[in-house]
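For reference, the structure is listed below as structure tokens.
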Amino acid sequence: MVSPTDRDTSRVSGLLHDFSLEITGKDVGDLQKAAAGVPQGTRVNVTFLANEQTSVRVRAAEVIKGLGFRPVPHISARRLTSRDELDRYLSALAEIGATEDVVVIAGDPAHPAGPFADSLAVIASGALTEYGVRSVDIAGYPEGHPKIHEDVLWRAVEEKTDALRARGLDYSVATQFVFDAATVVRWIEQLRGRGIDGPVRIGVPGPAGVQRLLRYAKRFGVSSSASVVQKYGFSLTGLLGTAGPARFIADLQSAIDPALHGEILLHFYTFGGVRATAEWVRTALSGEE
Ligand SMILES: NC(=O)C1=CN([C@@H]2O[C@H](COP(=O)(O)OP(=O)(O)OC[C@H]3O[C@@H](n4cnc5c(N)ncnc54)[C@H](O)[C@@H]3O)[C@@H](O)[C@H]2O)C=CC1
Ligand SMILES: Nc1nc(=O)c2c([nH]1)NC[C@@H]1CN(c3ccc(C(=O)N[C@@H](CCC(=O)O)C(=O)O)cc3)CN21
């Protein structure tokens with residue numbers, strides 16, 4: 001069952017320009033099937049899952065590139081066991097020409113598995129530029145983080161952008177998936193107020209079963225189930241249905257002023273539904289013409 005808000009893609013307009021997708025190694029077959037409907041050159045991120053090997057991540061980047069998209073591999077600082085592991089990963093990516101854009105993220109382990117306690121440590125290692133990285137995405141948390149204090153998160157964003165600028169690297173800030181447009185707008189204003197003026201990609205889940213969305217929101221500590229249900233615009237009676245981001249994106253679209261908020265883009269977490277997400281975006285974009 002698809003609720004009316006999922007179909008209401010008519011008001012999402014400009015924000016979809018240059019959207020990006022996030023997949024895991026397991027999703028490459030689905031990406032291949034969806035590829036014809038996705039604009040060439042689209043950025044496709046590869047999540048750094050604990051249960052996937054380096055070879056799977058590299059292979060995903062290779063497939064993404066072969067399909068005419070821009071691979072954006074993730075590097076999870078706290079999951080790396082050694083500098084050597086970072087070098088081997090970057091080297092394998094460089095061999096297939098997939099190091100230009102990367103995401104550097106801390107990773108959820110409570111204790112680092114190796115020498116990199118946070119994203120800054122990976123940036124400061126100097127490894128990125130050695131392997132041809134040109135642009136780095138770092139994380140942003142419009143709704144906060146369940147385990148990390150807001151002040152620590154802000155300081156980290158400032159330190160990371162300073163370190164990237166000092167190394168001549170471009171950056172953008174890609175956010176955790178979010179459900180409340182007003183919260184996102186306030187957070188963007190704070191970010192800009194701190195002098196961080198790079199592009200911002202707002203993370204949003206692609207259309208997915210409501211249960212699945214709630215499961216992921218719970219797993220990553222994003223909002224409470226009740227507020228997800230309320231803010232995302234589906235009713236509790238629709239728990240067995242599918243929910244799409246149309247209403248969220250429309251709300252965000254009407255609150256964003258490029259003159260005030262700078263470059264704002266969308267990043268879709270596909271959560272196993274890459275084909276549904278690609279189809280949803282295609283429909284939304286075709287509604288604009
Ligand atoms: N935004 C997203 O889409 C994603 C977010 N995350 C998680 O968000 C958290 C923060 O990542 P970044 O913004 O890259 O932080 P970061 O690397 O810039 O670190 C910021 C501060 O938080 C501390 N920290 C980082 N991860 C921690 C953890 N798991 N437990 C306790 N303290 C931690 C660091 O020591 C540092 O002081 C991580 O747990 C990361 O895995 C993970 C994957 C995706
Ligand atoms: N704090 C935090 N940690 C993360 O690891 C994380 C976030 N936030 N925010 C969203 C991204 C995207 N993430 C993910 C994680 C798993 C799948 C995934 O497809 N996992 C399963 C499918 C299982 C299922 O739910 O049915 C897999 O096969 O491993 C996708 C994106 C991880 N991410």
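Just so we're on the same page: first chain in the structure tokens is A, next is B, and so on; residues restart at 1 for each chain, and ligands are numbered from 1 in the order they show up.
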Inset, instruction - Set the cut-off to 7 Å, count only C-alpha atoms and all ligand atoms, and list whatever residues fall near ligand 1 as JSON, numbers by chain. - result: {"A": [77, 104, 105, 106, 107, 108, 109, 110, 117, 118, 119, 120, 138, 139, 140, 141, 145, 147, 148, 152, 153, 156, 157, 174, 175, 176, 177]}
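The contact shell of ligand 2, defined as all polymer residues within 7 Å when only C-alpha atoms and all ligand atoms are used, comprises A:Ile23, A:Thr24, A:Lys26, A:Thr47, A:Leu49, A:Asn51, A:Gly107, A:Asp108, A:Gln176, A:Phe177, A:Arg212, A:Phe220, A:Tyr269, A:Thr270, A:Phe271, A:Gly272.
Relative to atom CA of Arg59 of chain A, atom CA of Ile96 of chain A is found at 9.3 Å.
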Legend entry - Ser125 of chain A environment, 12 Å, only C-alpha atoms, sequence neighbours closer than 2 positions dropped, as a PyMOL selection string: chain A and resi 77+82-84+86-87+115-123+127-130+163-164+167
Inset, instruction - Give the alpha helix (DSSP H) residues of segment 43-188 of chain A, as assigned by DSSP on the backbone, as number ranges by chain. - result: A: 54-66, 83-95, 119-124, 127-130, 150-166, 181-188
Inset, instruction - Determine which residues of segment 116-171 of chain A DSSP labels as strand (DSSP E) from the backbone of this structure, then write them out as a ChimeraX atom specification. - result: /A:135-140,170-171
Legend entry - Selection near Ser55 of chain A, 10 Å with only C-alpha atoms, sequence-local residues under 4 positions removed, as an MDAnalysis selection string: chainID A and resid 25 59:61 89 92:93
Legend entry - Selected residue of minimal separation from Leu265 of chain A among A:Val204, A:Leu169, A:Ala113, A:Ala50, counting only C-alpha atoms: A:Val204
Inset, instruction - Quick one: everything within 10 Å of Lys65 of chain A, counting only C-alpha atoms, minus sequence neighbours fewer than 5 positions away in the same chain. Send it as an MDAnalysis selection string. - result: chainID A and resid 41 43:44 59:60 70:72 96:98
